[in-house]
$ cat upload-v5.txt   # compact mmCIF, C-alpha atoms
# COMPACT_ATOMS: atom_id res chain seq x y z
CA MET N 1 90.69 -85.21 25.39
CA LYS N 2 93.44 -87.72 26.01
CA PRO N 3 96.66 -86.94 27.91
CA PRO N 4 99.83 -86.42 25.86
CA PRO N 5 102.44 -89.21 26.10
CA PHE N 6 104.64 -89.49 29.17
CA GLU N 7 106.58 -92.14 31.06
CA LEU N 8 105.06 -93.57 34.25
CA LEU N 9 107.31 -94.56 37.13
CA LEU N 10 105.59 -96.56 39.86
CA ALA N 11 107.89 -95.51 42.71
CA THR N 12 108.35 -97.61 45.83
CA SER N 13 110.49 -95.31 48.01
CA VAL N 14 110.89 -91.60 48.75
CA ALA N 15 114.53 -91.85 47.62
CA GLU N 16 113.43 -93.23 44.26
CA VAL N 17 110.95 -90.35 43.86
CA VAL N 18 113.53 -87.71 44.76
CA GLY N 19 116.06 -89.30 42.40
CA ALA N 20 113.58 -89.33 39.54
CA LEU N 21 112.56 -85.72 40.17
CA ALA N 22 116.19 -84.60 40.33
CA ALA N 23 117.10 -86.49 37.15
CA ASP N 24 114.50 -84.88 34.88
CA ASP N 25 113.20 -81.29 34.92
CA GLY N 26 110.01 -82.49 33.26
CA ALA N 27 109.22 -85.06 35.96
CA LYS N 28 106.14 -84.47 38.07
CA VAL N 29 104.70 -86.22 41.13
CA LEU N 30 101.39 -88.06 40.65
CA ALA N 31 99.49 -88.63 43.90
CA GLY N 32 95.68 -88.80 43.82
CA GLY N 33 95.64 -87.32 40.33
CA GLN N 34 92.37 -85.44 40.82
CA SER N 35 93.93 -82.13 39.76
CA LEU N 36 96.90 -83.29 37.69
CA VAL N 37 95.08 -85.76 35.45
CA PRO N 38 92.49 -83.15 34.34
CA LEU N 39 95.41 -80.82 33.54
CA LEU N 40 96.93 -83.63 31.45
CA ALA N 41 93.64 -84.35 29.70
CA LEU N 42 93.26 -80.67 28.85
CA ARG N 43 96.94 -80.66 27.83
CA LEU N 44 97.67 -77.78 30.17
CA ALA N 45 100.49 -79.88 31.67
CA ARG N 46 103.03 -81.85 29.64
CA PRO N 47 105.33 -83.73 32.01
CA THR N 48 107.93 -86.10 30.58
CA VAL N 49 107.73 -88.50 33.53
CA LEU N 50 104.96 -88.99 36.05
CA VAL N 51 106.31 -90.34 39.31
CA ASP N 52 103.43 -92.23 40.92
CA VAL N 53 103.82 -92.09 44.71
CA ASN N 54 100.75 -94.16 45.60
CA GLY N 55 102.95 -97.16 46.42
CA LEU N 56 104.78 -95.28 49.18
CA ASP N 57 104.07 -95.78 52.85
CA LEU N 58 102.98 -92.21 53.60
CA ALA N 59 99.51 -92.63 55.05
CA GLY N 60 100.08 -92.53 58.79
CA ILE N 61 98.02 -90.42 61.20
CA GLU N 62 99.39 -89.83 64.69
CA VAL N 63 99.50 -87.26 67.46
CA VAL N 64 103.02 -86.63 68.77
CA ASP N 65 103.96 -83.96 71.32
CA GLY N 66 100.84 -81.88 70.77
CA GLU N 67 101.18 -82.08 67.02
CA VAL N 68 99.06 -84.02 64.54
CA ARG N 69 101.25 -85.64 61.90
CA ILE N 70 99.48 -86.80 58.77
CA GLY N 71 101.12 -88.66 55.90
CA ALA N 72 100.96 -86.89 52.56
CA LEU N 73 99.03 -89.76 50.96
CA VAL N 74 96.10 -89.67 53.38
CA ARG N 75 93.06 -89.27 51.16
CA HIS N 76 90.36 -86.66 51.71
CA ARG N 77 87.67 -89.22 52.46
CA ARG N 78 89.75 -90.66 55.30
CA LEU N 79 90.66 -87.21 56.60
CA GLU N 80 86.96 -86.42 56.67
CA ARG N 81 86.11 -89.51 58.73
CA ASP N 82 89.18 -90.50 60.74
CA ALA N 83 88.52 -90.37 64.50
CA THR N 84 91.97 -88.99 65.35
CA VAL N 85 91.71 -86.23 62.75
CA ARG N 86 88.19 -85.32 63.84
CA ALA N 87 89.29 -85.08 67.47
CA SER N 88 92.72 -83.48 67.07
CA ALA N 89 92.54 -81.59 63.77
CA PRO N 90 88.82 -81.07 63.21
CA LEU N 91 89.38 -78.19 60.77
CA LEU N 92 91.14 -80.57 58.37
CA ALA N 93 88.18 -82.98 58.54
CA GLN N 94 85.75 -80.09 57.94
CA ALA N 95 87.79 -78.79 55.01
CA ALA N 96 88.27 -82.24 53.45
CA ALA N 97 84.52 -82.88 53.48
CA LEU N 98 84.07 -79.86 51.21
CA VAL N 99 86.49 -81.06 48.52
CA GLY N 100 84.68 -82.14 45.35
CA HIS N 101 82.49 -85.23 45.49
CA PRO N 102 83.06 -88.58 47.27
CA ALA N 103 84.50 -90.12 44.06
CA ILE N 104 87.08 -87.31 44.05
CA ARG N 105 87.73 -87.57 47.79
CA HIS N 106 88.40 -91.30 47.52
CA ARG N 107 91.47 -90.50 45.42
CA GLY N 108 92.62 -86.98 46.26
CA THR N 109 95.36 -86.69 48.88
CA LEU N 110 96.16 -84.12 51.57
CA GLY N 111 99.74 -83.72 50.36
CA GLY N 112 98.65 -83.46 46.75
CA SER N 113 96.11 -80.73 47.44
CA ILE N 114 98.60 -78.69 49.44
CA ALA N 115 101.44 -79.10 46.94
CA HIS N 116 99.08 -78.24 44.06
CA ALA N 117 98.25 -74.95 45.85
CA ASP N 118 95.07 -74.12 44.01
CA PRO N 119 94.05 -70.67 45.33
CA VAL N 120 90.44 -71.78 45.86
CA ALA N 121 91.33 -75.12 47.50
CA GLU N 122 90.15 -75.73 51.04
CA LEU N 123 93.07 -77.67 52.54
CA PRO N 124 95.80 -75.08 51.89
CA ALA N 125 93.64 -72.44 53.61
CA ALA N 126 93.00 -74.82 56.50
CA LEU N 127 96.73 -75.50 56.87
CA LEU N 128 97.43 -71.76 56.92
CA ALA N 129 94.69 -71.09 59.48
CA LEU N 130 96.07 -73.82 61.71
CA GLY N 131 99.60 -72.41 61.51
CA GLY N 132 100.77 -75.83 60.35
CA SER N 133 103.74 -76.94 58.33
CA VAL N 134 104.82 -79.53 55.80
CA VAL N 135 107.82 -81.84 55.80
CA VAL N 136 109.49 -82.21 52.42
CA GLU N 137 112.32 -84.50 51.38
CA GLY N 138 114.81 -83.71 48.64
CA PRO N 139 118.35 -84.60 47.59
CA ASP N 140 119.73 -82.82 50.68
CA GLY N 141 117.41 -84.57 53.10
CA ARG N 142 114.34 -83.36 54.95
CA ARG N 143 113.25 -79.85 55.84
CA THR N 144 110.14 -78.30 57.32
CA ILE N 145 108.30 -75.44 55.66
CA ARG N 146 105.83 -73.43 57.69
CA ALA N 147 102.48 -72.78 56.02
CA ASN N 148 103.11 -69.01 55.97
CA GLN N 149 106.30 -69.66 53.97
CA LEU N 150 104.76 -72.26 51.67
CA PHE N 151 102.18 -70.70 49.36
CA GLU N 152 103.79 -68.29 46.91
CA GLY N 153 101.14 -67.75 44.28
CA PHE N 154 98.86 -69.43 41.76
CA LEU N 155 99.66 -73.19 41.85
CA THR N 156 103.09 -72.26 43.22
CA THR N 157 104.79 -73.24 46.48
CA SER N 158 108.28 -72.96 47.96
CA ILE N 159 108.72 -76.74 47.57
CA SER N 160 111.58 -77.33 45.10
CA PRO N 161 110.86 -79.34 41.95
CA ASP N 162 113.08 -82.14 43.28
CA GLU N 163 111.42 -82.30 46.70
CA LEU N 164 108.49 -84.49 47.75
CA LEU N 165 105.96 -83.40 50.36
CA VAL N 166 105.91 -86.36 52.78
CA GLU N 167 104.03 -85.17 55.87
CA VAL N 168 101.66 -82.46 57.06
CA ARG N 169 101.81 -81.24 60.64
CA VAL N 170 99.33 -79.10 62.53
CA PRO N 171 99.04 -78.20 66.22
CA ALA N 172 96.65 -80.58 67.97
CA ALA N 173 93.36 -79.05 69.04
CA GLY N 174 93.10 -78.26 72.75
CA PRO N 175 90.05 -78.66 75.01
CA SER N 176 88.81 -75.16 74.18
CA THR N 177 89.55 -75.26 70.45
CA ARG N 178 86.62 -74.72 68.11
CA THR N 179 86.93 -74.68 64.33
CA ALA N 180 84.79 -73.97 61.29
CA PHE N 181 85.24 -73.99 57.54
CA CYS N 182 82.58 -72.06 55.64
CA GLU N 183 82.58 -71.70 51.88
CA TRP N 184 80.25 -70.83 49.06
CA ALA N 185 80.14 -72.74 45.80
CA PRO N 186 77.50 -72.52 43.09
CA ARG N 187 76.73 -76.24 43.49
CA VAL N 188 77.67 -78.84 46.09
CA GLY N 189 81.11 -80.22 45.22
CA ASP N 190 82.03 -77.46 42.79
CA PHE N 191 85.10 -75.31 43.24
CA ALA N 192 84.34 -72.74 45.90
CA VAL N 193 84.26 -69.07 45.01
CA ALA N 194 85.62 -68.28 48.47
CA GLY N 195 86.02 -70.00 51.84
CA VAL N 196 86.98 -69.05 55.37
CA ALA N 197 88.79 -71.31 57.83
CA LEU N 198 88.59 -70.35 61.50
CA VAL N 199 90.37 -71.71 64.57
CA LEU N 200 89.36 -70.24 67.90
CA ASP N 201 90.36 -71.10 71.45
CA ASP N 202 90.36 -69.31 74.79
CA SER N 203 93.54 -67.38 74.13
CA SER N 204 93.88 -67.01 70.37
CA VAL N 205 92.09 -66.83 67.06
CA ARG N 206 93.50 -67.70 63.65
CA ALA N 207 91.83 -67.60 60.26
CA ALA N 208 92.56 -67.85 56.56
CA VAL N 209 90.57 -67.25 53.41
CA CYS N 210 90.75 -68.96 50.02
CA GLY N 211 89.46 -67.69 46.70
CA VAL N 212 90.25 -63.99 47.11
CA ALA N 213 93.86 -63.94 45.88
CA THR N 214 96.37 -66.10 44.03
CA ARG N 215 97.06 -67.95 47.28
CA PRO N 216 95.34 -68.48 50.63
CA VAL N 217 95.53 -65.37 52.80
CA ASP N 218 96.01 -65.20 56.58
CA ILE N 219 93.22 -63.00 57.98
CA SER N 220 93.80 -63.73 61.67
CA ASP N 221 94.24 -60.03 62.45
CA ALA N 222 90.72 -59.35 61.26
CA PHE N 223 89.41 -61.43 64.15
CA ALA N 224 91.41 -59.61 66.85
CA PRO N 225 88.31 -57.70 68.11
CA LEU N 226 87.03 -61.06 69.41
CA MET N 227 89.72 -61.36 72.03
CA GLY N 228 88.61 -60.31 75.47
CA ALA N 229 85.25 -59.06 74.29
CA PRO N 230 81.81 -60.65 74.42
CA LEU N 231 80.49 -61.61 70.98
CA SER N 232 78.25 -58.60 70.39
CA ASP N 233 76.77 -57.43 67.10
CA ALA N 234 79.31 -54.59 67.14
CA VAL N 235 82.22 -57.04 67.39
CA VAL N 236 80.80 -59.16 64.55
CA ALA N 237 80.40 -56.05 62.39
CA GLU N 238 83.96 -54.99 63.18
CA VAL N 239 85.32 -58.41 62.21
CA ALA N 240 83.32 -58.35 58.96
CA ALA N 241 84.65 -54.90 58.10
CA ARG N 242 88.21 -56.01 58.77
CA VAL N 243 87.81 -59.16 56.65
CA ARG N 244 86.37 -57.04 53.85
CA ALA N 245 89.39 -54.72 54.07
CA ALA N 246 91.85 -57.63 54.18
CA CYS N 247 90.33 -59.05 50.99
CA ALA N 248 90.20 -55.74 49.12
CA GLY N 249 90.69 -55.92 45.37
CA ASP N 250 87.56 -57.73 44.30
CA ASP N 251 84.48 -56.21 45.93
CA ASP N 252 82.20 -59.21 45.39
CA ARG N 253 84.67 -61.71 46.79
CA ALA N 254 85.55 -59.41 49.69
CA GLU N 255 81.86 -59.14 50.55
CA LEU N 256 81.47 -62.92 50.26
CA ALA N 257 84.53 -63.49 52.48
CA ALA N 258 83.10 -61.14 55.10
CA LEU N 259 79.79 -63.00 55.03
CA LEU N 260 81.53 -66.37 55.34
CA ALA N 261 83.69 -65.05 58.19
CA VAL N 262 80.56 -64.06 60.10
CA ARG N 263 79.01 -67.44 59.35
CA ALA N 264 82.14 -69.21 60.65
CA LEU N 265 82.11 -67.02 63.73
CA ARG N 266 78.48 -67.85 64.47
CA GLU N 267 79.28 -71.53 64.01
CA VAL N 268 81.99 -71.58 66.67
CA ALA N 269 80.54 -68.97 69.03
CA MET E 1 105.54 -94.19 21.65
CA THR E 2 106.38 -95.06 25.22
CA ALA E 3 106.82 -98.64 26.38
CA LEU E 4 103.67 -100.48 27.39
CA ILE E 5 103.08 -101.28 31.06
CA GLU E 6 101.84 -104.75 31.93
CA THR E 7 99.14 -104.35 34.55
CA ALA E 8 97.46 -107.31 36.26
CA LEU E 9 94.19 -106.47 37.95
CA SER E 10 90.78 -107.90 38.71
CA VAL E 11 87.87 -106.63 36.65
CA ASN E 12 84.41 -107.74 37.76
CA GLY E 13 85.98 -110.65 39.59
CA GLU E 14 88.00 -111.81 36.61
CA ARG E 15 91.80 -111.57 36.51
CA ARG E 16 92.95 -109.51 33.54
CA ILE E 17 96.40 -108.63 32.28
CA LEU E 18 96.41 -105.39 30.32
CA ASP E 19 99.24 -103.91 28.29
CA VAL E 20 98.65 -100.19 28.50
CA GLU E 21 100.40 -97.00 27.54
CA PRO E 22 101.41 -94.90 30.57
CA ARG E 23 98.86 -92.27 29.53
CA THR E 24 95.97 -94.72 29.13
CA THR E 25 93.26 -93.97 31.65
CA LEU E 26 91.41 -96.74 33.45
CA LEU E 27 88.37 -95.55 31.50
CA ASP E 28 89.98 -96.19 28.12
CA ALA E 29 91.52 -99.47 29.27
CA LEU E 30 88.11 -100.77 30.36
CA ARG E 31 86.42 -99.70 27.14
CA GLY E 32 89.35 -101.25 25.26
CA ILE E 33 88.52 -104.69 26.63
CA GLY E 34 84.91 -104.33 25.60
CA LEU E 35 83.44 -103.03 28.85
CA THR E 36 81.72 -100.13 27.13
CA GLY E 37 79.17 -99.71 29.88
CA THR E 38 81.69 -97.29 31.43
CA HIS E 39 80.96 -94.14 29.48
CA ALA E 40 83.51 -91.56 28.34
CA GLY E 41 81.89 -88.16 28.91
CA CYS E 42 83.99 -85.11 29.70
CA GLU E 43 87.22 -87.09 30.25
CA HIS E 44 88.44 -84.60 32.84
CA GLY E 45 86.57 -85.47 35.97
CA ALA E 46 83.61 -83.13 35.71
CA CYS E 47 80.66 -85.31 34.65
CA GLY E 48 80.78 -88.59 36.58
CA ALA E 49 79.71 -90.75 33.61
CA CYS E 50 82.85 -92.91 33.88
CA THR E 51 82.40 -93.74 37.58
CA VAL E 52 83.53 -97.26 38.53
CA LEU E 53 84.37 -98.93 41.83
CA LEU E 54 88.09 -99.27 42.60
CA ASP E 55 88.60 -101.61 45.55
CA GLY E 56 84.94 -101.01 46.34
CA GLU E 57 85.03 -97.20 46.27
CA THR E 58 83.67 -94.92 43.57
CA VAL E 59 86.31 -93.24 41.46
CA ARG E 60 86.29 -91.40 38.17
CA SER E 61 88.00 -93.82 35.83
CA CYS E 62 89.08 -90.92 33.59
CA LEU E 63 91.19 -89.61 36.48
CA VAL E 64 92.97 -92.88 37.26
CA LEU E 65 95.72 -94.22 35.02
CA ALA E 66 95.35 -97.87 34.11
CA GLY E 67 99.02 -98.38 34.92
CA GLN E 68 98.28 -97.42 38.54
CA CYS E 69 95.77 -100.24 38.97
CA GLY E 70 98.07 -103.26 39.34
CA GLY E 71 96.69 -105.61 41.99
CA ARG E 72 93.48 -103.61 42.37
CA GLU E 73 89.87 -104.72 42.00
CA VAL E 74 87.66 -102.85 39.57
CA THR E 75 83.89 -103.19 39.36
CA THR E 76 82.10 -101.73 36.36
CA ILE E 77 78.39 -101.52 35.65
CA GLU E 78 78.66 -104.88 33.86
CA GLY E 79 79.82 -106.43 37.14
CA LEU E 80 76.82 -105.13 39.05
CA GLY E 81 74.03 -106.89 37.20
CA THR E 82 72.97 -108.32 33.87
CA PRO E 83 69.89 -107.78 31.70
CA ASP E 84 68.49 -111.03 33.09
CA ALA E 85 69.45 -110.31 36.67
CA LEU E 86 69.28 -106.61 37.35
CA HIS E 87 70.80 -105.27 40.54
CA PRO E 88 68.04 -103.86 42.78
CA VAL E 89 69.23 -100.32 42.07
CA MET E 90 69.10 -101.00 38.31
CA GLU E 91 65.60 -102.39 38.77
CA SER E 92 64.56 -99.20 40.57
CA PHE E 93 66.00 -97.05 37.76
CA ARG E 94 63.92 -99.07 35.30
CA ARG E 95 60.80 -98.89 37.43
CA CYS E 96 61.06 -95.15 38.18
CA HIS E 97 62.14 -93.98 34.72
CA GLY E 98 65.53 -93.00 36.12
CA LEU E 99 67.06 -92.91 32.66
CA GLN E 100 66.31 -91.56 29.23
CA CYS E 101 69.34 -91.61 26.91
CA GLY E 102 71.30 -93.75 29.36
CA PHE E 103 74.60 -91.95 29.04
CA CYS E 104 74.94 -90.96 32.69
CA THR E 105 73.20 -94.07 33.99
CA PRO E 106 76.17 -96.37 34.76
CA GLY E 107 77.83 -93.64 36.83
CA MET E 108 74.55 -92.74 38.51
CA VAL E 109 73.84 -96.36 39.43
CA LEU E 110 77.30 -97.04 40.87
CA THR E 111 77.23 -93.78 42.81
CA ALA E 112 73.78 -94.69 44.15
CA VAL E 113 74.93 -98.19 45.13
CA GLU E 114 77.76 -96.70 47.19
CA LEU E 115 75.42 -94.19 48.83
CA LEU E 116 72.95 -96.91 49.80
CA ASP E 117 75.73 -99.14 51.14
CA GLU E 118 76.80 -96.35 53.47
CA ASN E 119 73.39 -94.86 54.16
CA PRO E 120 70.57 -97.35 53.49
CA SER E 121 67.79 -94.83 54.19
CA PRO E 122 68.89 -91.48 52.79
CA THR E 123 66.65 -88.44 52.67
CA GLU E 124 65.88 -86.86 49.31
CA ALA E 125 68.37 -84.09 50.11
CA GLU E 126 71.06 -86.67 50.85
CA VAL E 127 70.33 -88.44 47.56
CA ARG E 128 70.57 -85.18 45.65
CA GLU E 129 73.85 -84.29 47.32
CA ALA E 130 75.31 -87.76 46.69
CA LEU E 131 74.41 -87.53 43.00
CA SER E 132 75.60 -83.94 42.63
CA GLY E 133 78.86 -85.03 41.00
CA ASN E 134 77.04 -86.86 38.22
CA ILE E 135 75.59 -84.81 35.40
CA CYS E 136 72.41 -85.83 33.58
CA ARG E 137 71.21 -83.78 30.61
CA CYS E 138 67.89 -85.55 29.99
CA THR E 139 65.85 -86.34 33.04
CA GLY E 140 65.94 -83.22 35.15
CA TYR E 141 67.03 -85.68 37.87
CA ALA E 142 63.50 -86.25 39.22
CA GLY E 143 63.31 -89.84 37.98
CA ILE E 144 66.85 -90.59 39.14
CA VAL E 145 66.23 -89.28 42.65
CA ALA E 146 62.94 -91.22 42.76
CA ALA E 147 64.79 -94.37 41.68
CA VAL E 148 67.41 -94.08 44.39
CA LEU E 149 64.75 -93.45 47.03
CA ASP E 150 62.82 -96.43 45.66
CA ALA E 151 65.96 -98.57 45.85
CA SER E 152 66.62 -97.43 49.38
CA SER E 153 63.53 -99.19 50.62
CA SER E 154 64.05 -102.26 48.41
CA VAL E 155 67.69 -102.61 49.41
CA VAL E 156 66.78 -102.31 53.08
CA SER E 157 64.03 -104.91 52.81
CA GLU E 158 66.28 -107.49 51.17

$ encode --input "upload-v5.txt" --output "structure tokens"
Amino acid sequence: MKPPPFELLLATSVAEVVGALAADDGAKVLAGGQSLVPLLALRLARPTVLVDVNGLDLAGIEVVDGEVRIGALVRHRRLERDATVRASAPLLAQAAALVGHPAIRHRGTLGGSIAHADPVAELPAALLALGGSVVVEGPDGRRTIRANQLFEGFLTTSISPDELLVEVRVPAAGPSTRTAFCEWAPRVGDFAVAGVALVLDDSSVRAAVCGVATRPVDISDAFAPLMGAPLSDAVVAEVAARVRAACAGDDDRAELAALLAVRALREVA
Amino acid sequence: MTALIETALSVNGERRILDVEPRTTLLDALRGIGLTGTHAGCEHGACGACTVLLDGETVRSCLVLAGQCGGREVTTIEGLGTPDALHPVMESFRRCHGLQCGFCTPGMVLTAVELLDENPSPTEAEVREALSGNICRCTGYAGIVAAVLDASSSVVSE
């Protein structure tokens, strides 16, 4: 099908984007378009104005004060391959590599995926597991939203309709940090049924799961038995049981999440 | 009817100025100027038939708006080779029966060209993964995978 009619604004500054979003309730941000354009084609979305942000300078990647700061327009393919990301935020590179196919990853953006908040998407779960945050800019200036305050439900975040996500921030990996993103999809590149993101270092473990609820879920507590204990079969079984309990509601997905959690654990152990 | 957007871009090395509706996809804009080698399949990013190169990278032209392409370079299947001068990957598709109805073929070929640029000697598993975003409903993929593997050696030996 063809998209319904809309206006297209090729924005050149964040202020222009924010102004356009504030001026029209039906305005919507267009970044990589890999989720929004299908919604338009299927006529599930009917914006009045699409504000194209691809002309903005929001594609920086830098490490500042132990924090990796990534511009919202960094595309998945670059996230997957960038040396700084691979060294300092390897979970984001691992998660990005699992998004769709290369032709999708050439266009899709980090900020777009997070703001879209698809409950099966990899990058929102990775952001949550990392305990990261996003920087958004609106009519009243910039504010930071922590990942655990960001995802509210199906395709819904705490970003206001007149705010633009401009940057993603995650703690930089330390020398002992190990990460894994394990998911299961019926075919390579398809939407995952569920996925588990895991971040482990000498003193802490954090994890999140996608695909089991209307938003990514923090399951760090399920991995607590790892701390201060050797990785025995009993510990692995305890973690699996806790993940299963944390994902209760859909038995199949809970079982899958437990299996993926164990797989992620084995990958970093 | 919304106002048309004048978009100047390069298509297969030729400068084109297109007047497009905001909602016109790159796919429809290309077909509108006669480049019907880019095939409209699912039109929502699921099948890969409309794959083209945008600034040298594969994209699904149904998921890019034409109005976003000002100043960009687009390569379609027509820009890759001609009936008299097939691209080596096209030649391998011909030689290995990598097509039957031909609907998925332009997207398959462009996806394969990008794979071989990045990985000149892929394994069969790597070929299958690289093509996994492109749907074929005729061949069962065996001929397509054989063609890409065939092209991998011919591209390397060039």

$ residues_around --input "upload-v5.txt" --residues "region 166-182 of chain N" --least-positions-apart "4" --cutoff "8 Å" --atoms "only C-alpha atoms" --output "PyMOL selection string"
chain N and resi 58+63+66-73+87-91+94-95+110-111+126-127+130-137+195-202+260-261+263-265+267-268

$ closest_atom_pairs --input "upload-v5.txt" --of "chain E" --to "chain N" --cutoff "7 Å" --atoms "all atoms listed in the file" --output "CSV"
residue,atom,partner,partner_atom,distance
E:Thr2,CA,N:Glu7,CA,6.5
E:Pro22,CA,N:Leu8,CA,5.4
E:Arg23,CA,N:Pro5,CA,5.8
E:Glu43,CA,N:Met1,CA,6.3
E:His44,CA,N:Pro38,CA,4.6
E:Gly45,CA,N:Pro38,CA,6.6
E:Glu57,CA,N:His106,CA,6.9
E:Thr58,CA,N:Ala103,CA,4.9
E:Val59,CA,N:Ala103,CA,4.4
E:Arg60,CA,N:Ala103,CA,6.3
E:Leu63,CA,N:Val37,CA,5.6
E:Val64,CA,N:Gly33,CA,6.9
E:Glu129,CA,N:Val188,CA,6.8
E:Ser132,CA,N:Val188,CA,6.5
E:Gly133,CA,N:His101,CA,5.8

$ residues_around --input "upload-v5.txt" --residues "region 136-152 of chain E" --least-positions-apart "4" --cutoff "12 Å" --atoms "only C-alpha atoms" --output "JSON, numbers by chain"
{"E": [41, 46, 47, 48, 49, 87, 88, 89, 90, 91, 92, 93, 94, 95, 96, 97, 98, 99, 100, 101, 102, 103, 104, 105, 106, 107, 108, 109, 110, 111, 112, 113, 114, 115, 116, 117, 118, 119, 120, 121, 122, 123, 124, 125, 126, 127, 128, 129, 130, 131, 132, 156, 157, 158]}

$ axis_aligned_box --input "upload-v5.txt" --around "region 63-77 of chain N" --padding-each-side "8 Å" --output "lines of an AutoDock Vina configuration file"
center_x = 95.8
center_y = -85.8
center_z = 61.1
size_x = 32.3
size_y = 23.9
size_z = 36.4

$ residues_around --input "upload-v5.txt" --residues "Ile33 (chain E)" --least-positions-apart "5" --cutoff "10 Å" --atoms "all atoms listed in the file" --output "list in words"
Arg16, Leu18 and Asp28 of chain E

$ atom_distance --input "upload-v5.txt" --atom1 "CA of Thr75 (chain E)" --atom2 "CA of Thr7 (chain E)"
16.0 Å

$ atom_distance --input "upload-v5.txt" --atom1 "CA of Ala11 (chain N)" --atom2 "CA of Val51 (chain N)"
6.4 Å

$ residues_around --input "upload-v5.txt" --residues "Met227 (chain N)" --least-positions-apart "2" --cutoff "10 Å" --atoms "all atoms listed in the file" --output "PyMOL selection string"
chain N and resi 200-205+223-225+229-231+235

$ write_last_selection --input "upload-v5.txt" --atoms "C-alpha atoms" --output "PDB file, in the coordinates of the input"
ATOM      1  CA  LEU N 200      89.360 -70.240  67.900  1.00  0.00           C
ATOM      2  CA  ASP N 201      90.360 -71.100  71.450  1.00  0.00           C
ATOM      3  CA  ASP N 202      90.360 -69.310  74.790  1.00  0.00           C
ATOM      4  CA  SER N 203      93.540 -67.380  74.130  1.00  0.00           C
ATOM      5  CA  SER N 204      93.880 -67.010  70.370  1.00  0.00           C
ATOM      6  CA  VAL N 205      92.090 -66.830  67.060  1.00  0.00           C
ATOM      7  CA  PHE N 223      89.410 -61.430  64.150  1.00  0.00           C
ATOM      8  CA  ALA N 224      91.410 -59.610  66.850  1.00  0.00           C
ATOM      9  CA  PRO N 225      88.310 -57.700  68.110  1.00  0.00           C
ATOM     10  CA  ALA N 229      85.250 -59.060  74.290  1.00  0.00           C
ATOM     11  CA  PRO N 230      81.810 -60.650  74.420  1.00  0.00           C
ATOM     12  CA  LEU N 231      80.490 -61.610  70.980  1.00  0.00           C
ATOM     13  CA  VAL N 235      82.220 -57.040  67.390  1.00  0.00           C
TER      14      VAL N 235
END

$ atom_distance --input "upload-v5.txt" --atom1 "CA of Ala23 (chain N)" --atom2 "CA of Ser160 (chain N)"
13.3 Å

$ closest_residue --input "upload-v5.txt" --among "E:Ala8, E:Gly37, E:Asp19, E:Leu27" --to "Ser61 (chain E)" --atoms "all atoms listed in the file"
E:Leu27

$ closest_residue --input "upload-v5.txt" --among "E:Thr36, E:Thr82, E:Asn12, E:Gln68" --to "Thr24 (chain E)" --atoms "all atoms listed in the file"
E:Gln68

$ decode --input "upload-v5.txt" --residues "region 37-60 of chain N" --atoms "C-alpha atoms" --output "PDB file, in the first residue's frame"
ATOM      1  CA  VAL N  37       7.412   4.090   6.993  1.00  0.00           C
ATOM      2  CA  PRO N  38       5.937   0.554   7.206  1.00  0.00           C
ATOM      3  CA  LEU N  39       3.344   1.945   9.638  1.00  0.00           C
ATOM      4  CA  LEU N  40       2.552   4.651   7.071  1.00  0.00           C
ATOM      5  CA  ALA N  41       2.350   2.139   4.230  1.00  0.00           C
ATOM      6  CA  LEU N  42      -0.031  -0.001   6.256  1.00  0.00           C
ATOM      7  CA  ARG N  43      -1.897   3.194   7.198  1.00  0.00           C
ATOM      8  CA  LEU N  44      -1.547   2.417  10.885  1.00  0.00           C
ATOM      9  CA  ALA N  45      -0.055   5.909  11.356  1.00  0.00           C
ATOM     10  CA  ARG N  46      -1.486   9.082   9.842  1.00  0.00           C
ATOM     11  CA  PRO N  47       0.756  12.012  10.742  1.00  0.00           C
ATOM     12  CA  THR N  48       0.008  15.447   9.291  1.00  0.00           C
ATOM     13  CA  VAL N  49       3.671  16.453   9.109  1.00  0.00           C
ATOM     14  CA  LEU N  50       6.759  14.287   9.035  1.00  0.00           C
ATOM     15  CA  VAL N  51       9.755  16.132  10.422  1.00  0.00           C
ATOM     16  CA  ASP N  52      12.797  14.547   8.772  1.00  0.00           C
ATOM     17  CA  VAL N  53      15.771  14.819  11.144  1.00  0.00           C
ATOM     18  CA  ASN N  54      18.360  13.168   8.891  1.00  0.00           C
ATOM     19  CA  GLY N  55      19.885  16.566   8.077  1.00  0.00           C
ATOM     20  CA  LEU N  56      20.767  17.237  11.719  1.00  0.00           C
ATOM     21  CA  ASP N  57      24.252  16.863  13.116  1.00  0.00           C
ATOM     22  CA  LEU N  58      23.447  14.156  15.666  1.00  0.00           C
ATOM     23  CA  ALA N  59      25.803  11.348  14.746  1.00  0.00           C
ATOM     24  CA  GLY N  60      28.709  11.788  17.140  1.00  0.00           C
TER      25      GLY N  60
END
